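**Q** Structure file final25.cif (mmCIF, C-alpha atoms) right here:
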```cif
data_my_file
loop_
_atom_site.label_atom_id
_atom_site.label_comp_id
_atom_site.auth_asym_id
_atom_site.auth_seq_id
_atom_site.Cartn_x
_atom_site.Cartn_y
_atom_site.Cartn_z
CA MET V 28 106.73 96.19 -64.64
CA LEU V 29 106.83 92.74 -66.27
CA SER V 30 104.43 92.51 -69.21
CA LEU V 31 101.51 90.17 -68.62
CA TYR V 32 101.40 89.32 -72.31
CA GLN V 33 103.64 87.09 -74.38
CA LYS V 34 103.52 88.04 -78.06
CA ILE V 35 103.94 85.29 -80.67
CA LYS V 36 104.15 85.74 -84.43
CA PRO V 37 101.94 83.60 -86.71
CA CYS V 38 103.33 81.09 -89.19
CA ALA V 39 103.97 82.24 -92.77
CA GLU V 40 100.71 80.79 -94.11
CA LEU V 41 98.62 82.78 -91.62
CA ALA V 42 100.66 86.01 -91.64
CA ARG V 43 98.34 87.54 -94.26
CA TYR V 44 95.43 87.24 -91.84
CA ILE V 45 96.89 87.56 -88.34
CA ASN V 46 99.05 90.20 -86.65
CA CYS V 47 100.08 87.98 -83.75
CA TYR V 48 98.92 85.80 -80.87
CA TYR V 49 98.92 87.08 -77.31
CA VAL V 50 99.22 84.68 -74.39
CA PHE V 51 97.90 86.41 -71.28
CA ASP V 52 98.28 85.31 -67.67
CA ASP V 53 97.42 87.92 -65.02
CA GLY V 54 98.38 85.79 -62.02
CA GLY V 55 95.11 86.90 -60.42
CA LEU V 56 96.15 90.58 -60.56
CA PHE V 57 92.80 91.67 -62.08
CA SER V 58 90.63 89.30 -60.03
CA LYS V 59 87.09 90.68 -59.50
CA MET V 60 87.79 93.78 -61.55
CA GLU V 61 86.15 95.42 -64.55
CA VAL V 62 88.86 95.64 -67.18
CA THR V 63 88.27 98.07 -70.03
CA THR V 64 90.44 98.14 -73.13
CA LEU V 65 89.83 101.13 -75.37
CA GLU V 66 88.80 100.16 -78.88
CA ASN V 67 91.54 100.22 -81.53
CA GLY V 68 89.76 98.68 -84.53
CA ILE V 69 91.22 95.19 -84.10
CA THR V 70 89.07 92.04 -84.18
CA GLU V 71 90.01 89.02 -82.07
CA MET V 72 89.44 85.37 -81.31
CA MET V 73 89.63 84.83 -77.55
CA ILE V 74 90.23 81.49 -75.81
CA HIS V 75 89.72 81.50 -72.03
CA LEU V 76 91.75 78.72 -70.39
CA GLY V 77 91.56 79.92 -66.76
CA ASP V 78 88.77 81.17 -64.53
CA PRO V 79 85.76 82.59 -66.44
CA THR V 80 85.78 86.14 -67.74
CA VAL V 81 82.37 87.76 -68.22
CA PHE V 82 81.71 89.92 -71.28
CA CYS V 83 79.46 92.87 -70.35
CA ASN V 84 77.93 95.17 -72.95
CA LYS V 85 76.51 97.85 -70.67
CA SER V 86 74.82 99.70 -73.53
CA ARG V 87 72.69 96.70 -74.51
CA ASN V 88 72.57 94.93 -71.14
CA ILE V 89 74.28 91.81 -72.55
CA ARG V 90 76.31 89.49 -70.32
CA ASN V 91 77.92 86.22 -71.34
CA GLN V 92 80.97 84.07 -70.78
CA TYR V 93 82.32 81.73 -73.46
CA ARG V 94 85.30 79.43 -73.63
CA ILE V 95 86.12 80.41 -77.23
CA SER V 96 84.67 83.51 -78.83
CA LEU V 97 85.00 85.87 -81.79
CA THR V 98 84.82 89.57 -80.96
CA GLY V 99 84.31 92.58 -83.18
CA GLN V 100 85.09 96.23 -82.61
CA TYR V 101 83.36 97.77 -79.60
CA LEU V 102 81.28 100.86 -80.33
CA ASP V 103 79.19 100.25 -77.19
CA ASN V 104 80.31 100.58 -73.57
CA VAL V 105 81.92 97.17 -73.07
CA VAL V 106 83.96 95.80 -70.14
CA MET V 107 85.33 92.38 -69.21
CA VAL V 108 84.69 91.30 -65.62
CA THR V 109 87.28 88.89 -64.24
CA THR V 110 86.39 86.23 -61.66
CA GLY V 111 89.79 84.89 -60.65
CA HIS V 112 93.01 83.83 -62.34
CA THR V 113 92.72 84.87 -65.99
CA ARG V 114 94.52 82.90 -68.72
CA ILE V 115 93.72 83.83 -72.30
CA ILE V 116 95.11 83.14 -75.75
CA THR V 117 94.07 85.86 -78.20
CA VAL V 118 94.29 85.77 -81.98
CA ASN V 119 94.87 89.38 -83.05
CA PHE V 120 93.58 89.65 -86.65
CA LYS V 121 94.72 92.02 -89.36
CA PRO V 122 91.99 94.16 -90.99
CA GLY V 123 89.65 91.78 -92.79
CA GLY V 124 91.51 88.73 -91.47
CA MET V 125 88.67 87.31 -89.38
CA HIS V 126 86.26 87.86 -92.28
CA ALA V 127 88.58 85.99 -94.66
CA ILE V 128 89.04 83.01 -92.30
CA PHE V 129 85.46 82.58 -91.06
CA GLY V 130 83.56 84.06 -94.01
CA ILE V 131 80.96 85.95 -91.95
CA PRO V 132 80.29 89.64 -92.68
CA GLN V 133 82.38 91.53 -90.16
CA TYR V 134 79.62 93.90 -89.05
CA PHE V 135 77.85 90.85 -87.56
CA TYR V 136 80.35 91.03 -84.66
CA GLU V 137 80.02 94.74 -83.86
CA SER V 138 80.09 95.24 -80.05
CA LYS V 139 79.51 91.51 -79.62
CA ASN V 140 81.27 88.50 -78.21
CA ILE V 141 80.04 85.50 -80.26
CA SER V 142 80.64 81.96 -79.07
CA LEU V 143 82.56 79.87 -81.61
CA GLU V 144 80.33 77.00 -80.51
CA ASP V 145 77.31 78.83 -82.01
CA ILE V 146 79.10 79.07 -85.34
CA GLU V 147 80.89 75.71 -85.41
CA PRO V 148 79.50 73.42 -82.65
CA ARG V 149 81.57 70.35 -83.44
CA SER V 150 84.96 71.86 -84.29
CA SER V 151 84.77 74.34 -81.39
CA GLY V 152 84.40 71.56 -78.84
CA MET V 153 87.20 69.55 -80.41
CA LEU V 154 89.52 72.57 -80.41
CA TRP V 155 88.78 73.29 -76.73
CA GLU V 156 89.42 69.67 -75.66
CA GLU V 157 92.67 69.50 -77.58
CA LEU V 158 93.91 72.78 -76.10
CA MET V 159 93.10 71.63 -72.57
CA GLU V 160 95.07 68.42 -73.06
CA HIS V 161 98.30 70.41 -73.28
CA GLN V 162 99.89 73.01 -71.03
CA GLU V 163 102.86 74.02 -73.21
CA ILE V 164 102.31 77.34 -74.95
CA THR V 165 104.08 76.25 -78.14
CA LYS V 166 101.88 73.17 -78.43
CA ARG V 167 98.70 75.17 -77.82
CA ILE V 168 99.67 77.71 -80.51
CA GLN V 169 100.41 74.85 -82.92
CA ILE V 170 96.95 73.36 -82.25
CA LEU V 171 95.31 76.73 -82.78
CA GLU V 172 97.22 77.37 -86.00
CA ASP V 173 96.29 73.94 -87.36
CA PHE V 174 92.62 74.84 -86.73
CA LEU V 175 92.92 78.19 -88.50
CA ILE V 176 94.92 76.79 -91.43
CA ARG V 177 92.21 74.21 -92.08
CA HIS V 178 89.73 77.09 -92.44
CA VAL V 179 92.01 79.01 -94.79
CA ARG V 180 92.61 75.99 -97.02
CA ARG V 181 88.98 74.90 -96.97
CA ASP V 182 87.28 78.21 -97.72
CA LYS V 183 90.10 79.90 -99.70
CA LEU V 184 88.66 83.35 -99.09
CA PRO V 185 91.06 86.12 -100.12
CA VAL V 186 92.16 89.01 -97.98
CA THR V 187 90.01 91.66 -99.59
CA GLU V 188 90.75 95.06 -101.11
CA MET V 189 89.24 96.70 -98.01
CA SER V 190 92.09 95.30 -95.92
CA ARG V 191 94.49 97.46 -97.92
CA MET V 192 92.24 100.50 -97.44
CA ALA V 193 92.13 99.86 -93.68
CA GLU V 194 95.92 99.76 -93.60
CA TYR V 195 95.99 103.17 -95.32
CA ILE V 196 93.70 104.55 -92.62
CA ARG V 197 95.96 103.07 -89.93
CA ALA V 198 99.09 104.49 -91.57
CA TYR V 199 97.53 107.97 -91.61
CA ARG V 200 96.31 107.57 -87.99
CA GLY V 201 92.75 108.16 -89.11
CA GLN V 202 93.41 111.50 -90.78
CA ILE V 203 92.45 110.61 -94.35
CA SER V 204 89.14 111.29 -96.07
CA VAL V 205 86.63 108.66 -97.17
CA HIS V 206 86.33 110.49 -100.49
CA LEU V 207 90.04 110.01 -101.15
CA LEU V 208 89.96 106.35 -100.11
CA ALA V 209 86.97 105.61 -102.34
CA GLY V 210 88.79 107.19 -105.26
CA MET V 211 91.89 105.10 -104.57
CA ALA V 212 89.70 101.98 -104.57
CA GLY V 213 87.95 103.04 -107.79
CA MET V 214 84.49 103.02 -106.21
CA SER V 215 81.69 105.38 -105.40
CA GLU V 216 81.61 106.43 -101.74
CA ARG V 217 78.37 104.48 -101.25
CA THR V 218 79.87 101.23 -102.60
CA PHE V 219 83.09 101.82 -100.68
CA ASN V 220 81.23 102.34 -97.40
CA ARG V 221 79.16 99.18 -97.88
CA ARG V 222 82.09 96.92 -98.74
CA PHE V 223 84.31 98.36 -96.03
CA ARG V 224 81.74 97.75 -93.30
CA SER V 225 81.08 94.19 -94.49
CA GLN V 226 84.75 93.23 -94.61
CA ILE V 227 86.25 95.33 -91.79
CA GLY V 228 83.28 95.64 -89.42
CA LEU V 229 82.87 99.40 -89.11
CA SER V 230 82.19 102.20 -91.55
CA PRO V 231 85.41 103.83 -92.81
CA LYS V 232 84.48 107.01 -90.93
CA GLN V 233 84.06 105.10 -87.64
CA TYR V 234 87.26 103.13 -88.22
CA ALA V 235 89.24 106.30 -88.98
CA GLU V 236 87.89 108.10 -85.91
CA ILE V 237 88.81 105.21 -83.61
CA LEU V 238 92.37 105.18 -84.96
CA ARG V 239 92.61 108.96 -84.61
CA LEU V 240 91.50 108.70 -80.98
CA ASN V 241 94.07 105.96 -80.36
CA SER V 242 96.72 108.35 -81.61
CA VAL V 243 95.42 110.99 -79.17
CA CYS V 244 95.51 108.43 -76.34
CA ALA V 245 99.13 107.59 -77.16
CA ASP V 246 100.01 111.28 -76.92
CA LEU V 247 98.21 111.68 -73.59
CA ALA V 248 99.70 108.51 -72.11
CA ASN V 249 103.27 108.90 -73.34
CA SER V 250 103.85 112.64 -73.04
CA GLY V 251 101.50 113.54 -70.20
CA LYS V 252 100.14 116.49 -72.18
CA GLN V 253 97.22 118.13 -70.44
CA ASP V 254 96.62 121.01 -72.86
CA LEU V 255 93.67 119.49 -74.69
CA LEU V 256 93.39 122.35 -77.17
CA THR V 257 96.94 121.76 -78.37
CA VAL V 258 96.40 117.99 -78.58
CA ALA V 259 93.09 118.48 -80.38
CA LEU V 260 94.55 120.76 -83.03
CA GLN V 261 97.53 118.45 -83.60
CA HIS V 262 95.15 115.60 -84.41
CA GLY V 263 92.81 117.49 -86.68
CA TYR V 264 90.00 118.43 -84.26
CA TYR V 265 88.43 121.87 -84.36
CA ASP V 266 88.87 122.47 -80.64
CA ALA V 267 89.01 120.75 -77.24
CA SER V 268 85.22 120.40 -77.14
CA HIS V 269 85.24 118.53 -80.46
CA LEU V 270 87.87 116.13 -79.10
CA ASN V 271 86.01 115.71 -75.81
CA ASN V 272 82.75 114.83 -77.60
CA SER V 273 84.47 112.28 -79.82
CA PHE V 274 86.04 110.65 -76.74
CA LYS V 275 82.64 110.29 -75.09
CA ASN V 276 80.92 109.03 -78.25
CA TYR V 277 83.49 106.38 -79.14
CA LEU V 278 85.40 105.56 -75.95
CA HIS V 279 82.68 106.31 -73.35
CA LEU V 280 84.84 108.53 -71.16
CA THR V 281 86.49 111.95 -71.27
CA PRO V 282 90.20 112.59 -71.95
CA SER V 283 90.72 113.54 -68.29
CA GLU V 284 89.04 110.31 -67.13
CA PHE V 285 91.32 108.39 -69.48
CA THR V 286 94.47 109.85 -67.99
CA LEU V 287 93.25 109.28 -64.42
CA ARG V 288 92.18 105.65 -64.95
CA LEU V 289 94.93 104.47 -67.27
CA LEU V 290 96.97 101.63 -65.81
CA LYS V 291 100.60 102.67 -65.96
CA ASP V 292 102.52 100.21 -68.15
CA GLY V 293 99.11 98.69 -68.90
CA ASP V 294 99.16 98.91 -72.69
CA TYR V 295 100.01 95.23 -73.01
CA THR V 296 98.25 94.39 -76.28
CA GLY V 297 98.29 97.64 -78.17
CA LYS V 298 95.07 98.58 -76.38
CA PHE V 299 95.02 101.08 -73.53
CA THR V 300 93.92 99.19 -70.42
CA MET V 301 91.97 100.46 -67.42
CA ALA V 302 90.55 98.62 -64.44
CA ASP V 303 88.02 99.28 -61.66
CA LEU V 304 86.70 97.09 -58.88
CA ALA V 305 83.70 95.14 -60.12
CA THR V 306 80.44 95.64 -58.23
CA ASP V 307 78.17 93.13 -59.96
CA LEU V 308 79.97 89.77 -59.96
#
```
Starting from the file, lay out its structure as structure tokens.

**A**
Amino acid sequence: MLSLYQKIKPCAELARYINCYYVFDDGGLFSKMEVTTLENGITEMMIHLGDPTVFCNKSRNIRNQYRISLTGQYLDNVVMVTTGHTRIITVNFKPGGMHAIFGIPQYFYESKNISLEDIEPRSSGMLWEELMEHQEITKRIQILEDFLIRHVRRDKLPVTEMSRMAEYIRAYRGQISVHLLAGMAGMSERTFNRRFRSQIGLSPKQYAEILRLNSVCADLANSGKQDLLTVALQHGYYDASHLNNSFKNYLHLTPSEFTLRLLKDGDYTGKFTMADLATDL
């Protein structure tokens, strides 16, 4: 299956803050569907250049659709409802990258999709108009990078020490203790928790659990393992029930529902993708 995403690396000046850009064009494949991407701890800037996509936070009964938005990590039950031909450019930030560029505490974005226009009314409109004037992907990425570089040079906010701690958690696939991380950072656990949430967006415990579950999902998707007890023990859970409860608390489905609903070859952005027909367009 041809990937629906084109992955583009950032320029050298932005590489400290950004993993990559994704250019998405579904050709109408997901039209009038609820598309769910399981949380993986990544924050994003999303630019919708095609038909509208509706953000739906089912837990809080929030619905909105924005041309350019900043999104945090989703702890709530969140889906995106497509309305037609979806074209999106996504800025995929490194841990702490969005905080460093925009200077807003990262927890502000938790389970939210915030319009850039609410944060920067003038520059958001100018960015949108400039992007719509061009159809070439390379030119659009250049325009977007120019916008982000202006923020970096203007605010000069550093990538913080919590970004390094988040990378440790990612390297250990979530199986590392907060006590150990706080010691590595030379902080009390209370101070470490507060700074981590402000700069990364989640508590270190939440962040670690999401990454651990992503590792479980990779096992289930790639190997087809159905023995949940074996999978649970391999990833540090007490038993299958412990794993099942964590799935429901963080991903809002069970492991069996994940394997049934997973779109084959659908992990286009590093997030596991699932889709259902929408009933409330």

**Q** Which residues would end up in the selection if the PyMOL selection byres ((chain V and resi 260-268) around 12) were applied here, given that I need the answer as a PDB file with C-alpha atoms, in the coordinates of the input?

**A**
```pdb
ATOM      1  CA  TYR V 199      97.530 107.970 -91.610  1.00  0.00           C
ATOM      2  CA  ARG V 200      96.310 107.570 -87.990  1.00  0.00           C
ATOM      3  CA  GLY V 201      92.750 108.160 -89.110  1.00  0.00           C
ATOM      4  CA  GLN V 202      93.410 111.500 -90.780  1.00  0.00           C
ATOM      5  CA  ILE V 203      92.450 110.610 -94.350  1.00  0.00           C
ATOM      6  CA  SER V 204      89.140 111.290 -96.070  1.00  0.00           C
ATOM      7  CA  ALA V 235      89.240 106.300 -88.980  1.00  0.00           C
ATOM      8  CA  GLU V 236      87.890 108.100 -85.910  1.00  0.00           C
ATOM      9  CA  LEU V 238      92.370 105.180 -84.960  1.00  0.00           C
ATOM     10  CA  ARG V 239      92.610 108.960 -84.610  1.00  0.00           C
ATOM     11  CA  LEU V 240      91.500 108.700 -80.980  1.00  0.00           C
ATOM     12  CA  ASN V 241      94.070 105.960 -80.360  1.00  0.00           C
ATOM     13  CA  SER V 242      96.720 108.350 -81.610  1.00  0.00           C
ATOM     14  CA  VAL V 243      95.420 110.990 -79.170  1.00  0.00           C
ATOM     15  CA  CYS V 244      95.510 108.430 -76.340  1.00  0.00           C
ATOM     16  CA  ALA V 245      99.130 107.590 -77.160  1.00  0.00           C
ATOM     17  CA  ASP V 246     100.010 111.280 -76.920  1.00  0.00           C
ATOM     18  CA  LEU V 247      98.210 111.680 -73.590  1.00  0.00           C
ATOM     19  CA  LYS V 252     100.140 116.490 -72.180  1.00  0.00           C
ATOM     20  CA  GLN V 253      97.220 118.130 -70.440  1.00  0.00           C
ATOM     21  CA  ASP V 254      96.620 121.010 -72.860  1.00  0.00           C
ATOM     22  CA  LEU V 255      93.670 119.490 -74.690  1.00  0.00           C
ATOM     23  CA  LEU V 256      93.390 122.350 -77.170  1.00  0.00           C
ATOM     24  CA  THR V 257      96.940 121.760 -78.370  1.00  0.00           C
ATOM     25  CA  VAL V 258      96.400 117.990 -78.580  1.00  0.00           C
ATOM     26  CA  ALA V 259      93.090 118.480 -80.380  1.00  0.00           C
ATOM     27  CA  HIS V 269      85.240 118.530 -80.460  1.00  0.00           C
ATOM     28  CA  LEU V 270      87.870 116.130 -79.100  1.00  0.00           C
ATOM     29  CA  ASN V 271      86.010 115.710 -75.810  1.00  0.00           C
ATOM     30  CA  ASN V 272      82.750 114.830 -77.600  1.00  0.00           C
ATOM     31  CA  SER V 273      84.470 112.280 -79.820  1.00  0.00           C
ATOM     32  CA  PHE V 274      86.040 110.650 -76.740  1.00  0.00           C
ATOM     33  CA  LYS V 275      82.640 110.290 -75.090  1.00  0.00           C
ATOM     34  CA  THR V 281      86.490 111.950 -71.270  1.00  0.00           C
ATOM     35  CA  PRO V 282      90.200 112.590 -71.950  1.00  0.00           C
ATOM     36  CA  SER V 283      90.720 113.540 -68.290  1.00  0.00           C
TER      37      SER V 283
END
```

**Q** Return the padded bounding box of stretch 215-229 of chain V as AutoDock Vina command-line options: axis-aligned, built from all atoms listed in the file, 3 Å added on each side, with centre and edge lengths in Å to one decimal.

**A**
```
--center_x 82.3 --center_y 99.8 --center_z -97.3 --size_x 13.9 --size_y 19.2 --size_z 22.3
```

**Q** Between atom CA of V:Asn67 and atom CA of V:Thr113, what distance in Å does the model show, to one decimal?

**A**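 Between atom CA of V:Asn67 and atom CA of V:Thr113 the gap is 21.9 Å.
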
**Q** Residues within 9 Å of stretch 125-136 of chain V, please, as a PyMOL selection string. Count only C-alpha atoms; anything in the same chain fewer than 6 positions from it doesn't count.

**A** chain V and resi 44-45+70-72+97-101+175-176+178-179+182-187+224-229

**Q** Could you give me, as CSV, every stretch 74-120 of chain V residue with an atom at most 12 Å from stretch 59-64 of chain V, plus its closest atom pair and distance in Å to one decimal, counting only C-alpha atoms, rows ordered by chain then number?

**A**
```
residue,atom,partner,partner_atom,distance
V:Asp78,CA,V:Lys59,CA,10.9
V:Pro79,CA,V:Lys59,CA,10.7
V:Thr80,CA,V:Lys59,CA,9.5
V:Val81,CA,V:Glu61,CA,9.3
V:Phe82,CA,V:Glu61,CA,9.8
V:Cys83,CA,V:Glu61,CA,9.2
V:Asn84,CA,V:Thr63,CA,11.1
V:Lys85,CA,V:Glu61,CA,11.7
V:Gln100,CA,V:Thr64,CA,11.1
V:Tyr101,CA,V:Thr64,CA,9.6
V:Leu102,CA,V:Thr64,CA,12.0
V:Asp103,CA,V:Thr63,CA,11.8
V:Asn104,CA,V:Thr63,CA,9.1
V:Val105,CA,V:Thr63,CA,7.1
V:Val106,CA,V:Thr63,CA,4.9
V:Met107,CA,V:Val62,CA,5.2
V:Val108,CA,V:Glu61,CA,4.5
V:Thr109,CA,V:Lys59,CA,5.1
V:Thr110,CA,V:Lys59,CA,5.0
V:Gly111,CA,V:Lys59,CA,6.5
V:His112,CA,V:Lys59,CA,9.5
V:Thr113,CA,V:Lys59,CA,10.4
```

**Q** Would you mind reading off the distance between atom CA of V:Pro37 and atom CA of V:Met301, one decimal, in Å?

**A** 27.5 Å

**Q** Could you check how far atom CA of V:Leu76 sits from atom CA of V:Ile89, in Å to one decimal?

**A**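 One can read the atom CA of V:Leu76 to atom CA of V:Ile89 distance as 21.9 Å.
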
**Q** Counting all atoms listed in the file, note down every residue that has an atom within 6 Å of the point (80.5, 109.1, -101.2) (file coordinates), as a ChimeraX atom specification.

**A** /V:215-217

**Q** Quick one: write out the picked residues with C-alpha atoms as a PDB file, in the frame of the given file?

**A**
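Saved result, out.pdb, follows:
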```pdb
ATOM      1  CA  SER V 215      81.690 105.380-105.400  1.00  0.00           C
ATOM      2  CA  GLU V 216      81.610 106.430-101.740  1.00  0.00           C
ATOM      3  CA  ARG V 217      78.370 104.480-101.250  1.00  0.00           C
TER       4      ARG V 217
END
```

**Q** Because some atoms of stretch 38-64 of chain V are absent here, can you restore N, CA and C atoms and send them as an mmCIF file, in the frame of the given file?

**A**
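Wrote rebuild_37.cif, looks like this:
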```cif
data_model
loop_
_atom_site.group_PDB
_atom_site.id
_atom_site.type_symbol
_atom_site.label_atom_id
_atom_site.label_comp_id
_atom_site.auth_asym_id
_atom_site.auth_seq_id
_atom_site.Cartn_x
_atom_site.Cartn_y
_atom_site.Cartn_z
ATOM 1 N N CYS V 38 102.546 81.760 -88.154
ATOM 2 C CA CYS V 38 103.330 81.090 -89.190
ATOM 3 C C CYS V 38 103.143 81.826 -90.513
ATOM 4 N N ALA V 39 103.980 81.516 -91.499
ATOM 5 C CA ALA V 39 103.970 82.240 -92.770
ATOM 6 C C ALA V 39 102.626 82.137 -93.470
ATOM 7 N N GLU V 40 101.975 80.982 -93.400
ATOM 8 C CA GLU V 40 100.710 80.790 -94.110
ATOM 9 C C GLU V 40 99.593 81.659 -93.539
ATOM 10 N N LEU V 41 99.674 81.990 -92.264
ATOM 11 C CA LEU V 41 98.620 82.780 -91.620
ATOM 12 C C LEU V 41 98.990 84.262 -91.463
ATOM 13 N N ALA V 42 100.197 84.633 -91.854
ATOM 14 C CA ALA V 42 100.660 86.010 -91.640
ATOM 15 C C ALA V 42 99.856 87.030 -92.432
ATOM 16 N N ARG V 43 99.180 86.620 -93.493
ATOM 17 C CA ARG V 43 98.340 87.540 -94.260
ATOM 18 C C ARG V 43 97.074 87.920 -93.487
ATOM 19 N N TYR V 44 96.696 87.073 -92.528
ATOM 20 C CA TYR V 44 95.430 87.240 -91.840
ATOM 21 C C TYR V 44 95.576 87.692 -90.384
ATOM 22 N N ILE V 45 96.721 87.402 -89.782
ATOM 23 C CA ILE V 45 96.890 87.560 -88.340
ATOM 24 C C ILE V 45 98.107 88.422 -88.025
ATOM 25 N N ASN V 46 97.918 89.404 -87.125
ATOM 26 C CA ASN V 46 99.050 90.200 -86.650
ATOM 27 C C ASN V 46 99.947 89.372 -85.743
ATOM 28 N N CYS V 47 99.331 88.732 -84.743
ATOM 29 C CA CYS V 47 100.080 87.980 -83.750
ATOM 30 C C CYS V 47 99.118 87.233 -82.841
ATOM 31 N N TYR V 48 99.668 86.411 -81.980
ATOM 32 C CA TYR V 48 98.920 85.800 -80.870
ATOM 33 C C TYR V 48 99.434 86.433 -79.587
ATOM 34 N N TYR V 49 98.533 86.633 -78.634
ATOM 35 C CA TYR V 49 98.920 87.080 -77.310
ATOM 36 C C TYR V 49 98.535 86.000 -76.308
ATOM 37 N N VAL V 50 99.477 85.627 -75.478
ATOM 38 C CA VAL V 50 99.220 84.680 -74.390
ATOM 39 C C VAL V 50 99.239 85.494 -73.100
ATOM 40 N N PHE V 51 98.088 85.540 -72.434
ATOM 41 C CA PHE V 51 97.900 86.410 -71.280
ATOM 42 C C PHE V 51 97.701 85.580 -70.014
ATOM 43 N N ASP V 52 98.439 85.929 -68.982
ATOM 44 C CA ASP V 52 98.280 85.310 -67.670
ATOM 45 C C ASP V 52 98.456 86.407 -66.633
ATOM 46 N N ASP V 53 97.348 86.774 -65.938
ATOM 47 C CA ASP V 53 97.420 87.920 -65.020
ATOM 48 C C ASP V 53 97.827 87.531 -63.601
ATOM 49 N N GLY V 54 97.997 86.216 -63.363
ATOM 50 C CA GLY V 54 98.380 85.790 -62.020
ATOM 51 C C GLY V 54 97.379 86.175 -60.944
ATOM 52 N N GLY V 55 96.141 86.471 -61.364
ATOM 53 C CA GLY V 55 95.110 86.900 -60.420
ATOM 54 C C GLY V 55 95.133 88.389 -60.127
ATOM 55 N N LEU V 56 96.003 89.152 -60.823
ATOM 56 C CA LEU V 56 96.150 90.580 -60.560
ATOM 57 C C LEU V 56 94.841 91.345 -60.759
ATOM 58 N N PHE V 57 94.041 90.959 -61.773
ATOM 59 C CA PHE V 57 92.800 91.670 -62.080
ATOM 60 C C PHE V 57 91.572 90.968 -61.524
ATOM 61 N N SER V 58 91.760 90.065 -60.568
ATOM 62 C CA SER V 58 90.630 89.300 -60.030
ATOM 63 C C SER V 58 89.526 90.217 -59.500
ATOM 64 N N LYS V 59 88.284 89.926 -59.913
ATOM 65 C CA LYS V 59 87.090 90.680 -59.500
ATOM 66 C C LYS V 59 87.189 92.156 -59.864
ATOM 67 N N MET V 60 87.695 92.411 -61.064
ATOM 68 C CA MET V 60 87.790 93.780 -61.550
ATOM 69 C C MET V 60 87.108 93.896 -62.911
ATOM 70 N N GLU V 61 86.628 95.101 -63.211
ATOM 71 C CA GLU V 61 86.150 95.420 -64.550
ATOM 72 C C GLU V 61 87.342 95.957 -65.341
ATOM 73 N N VAL V 62 87.723 95.239 -66.370
ATOM 74 C CA VAL V 62 88.860 95.640 -67.180
ATOM 75 C C VAL V 62 88.338 96.190 -68.509
ATOM 76 N N THR V 63 88.679 97.416 -68.795
ATOM 77 C CA THR V 63 88.270 98.070 -70.030
ATOM 78 C C THR V 63 89.480 98.278 -70.915
ATOM 79 N N THR V 64 89.391 97.854 -72.168
ATOM 80 C CA THR V 64 90.440 98.140 -73.130
ATOM 81 C C THR V 64 89.831 99.020 -74.218
#
```
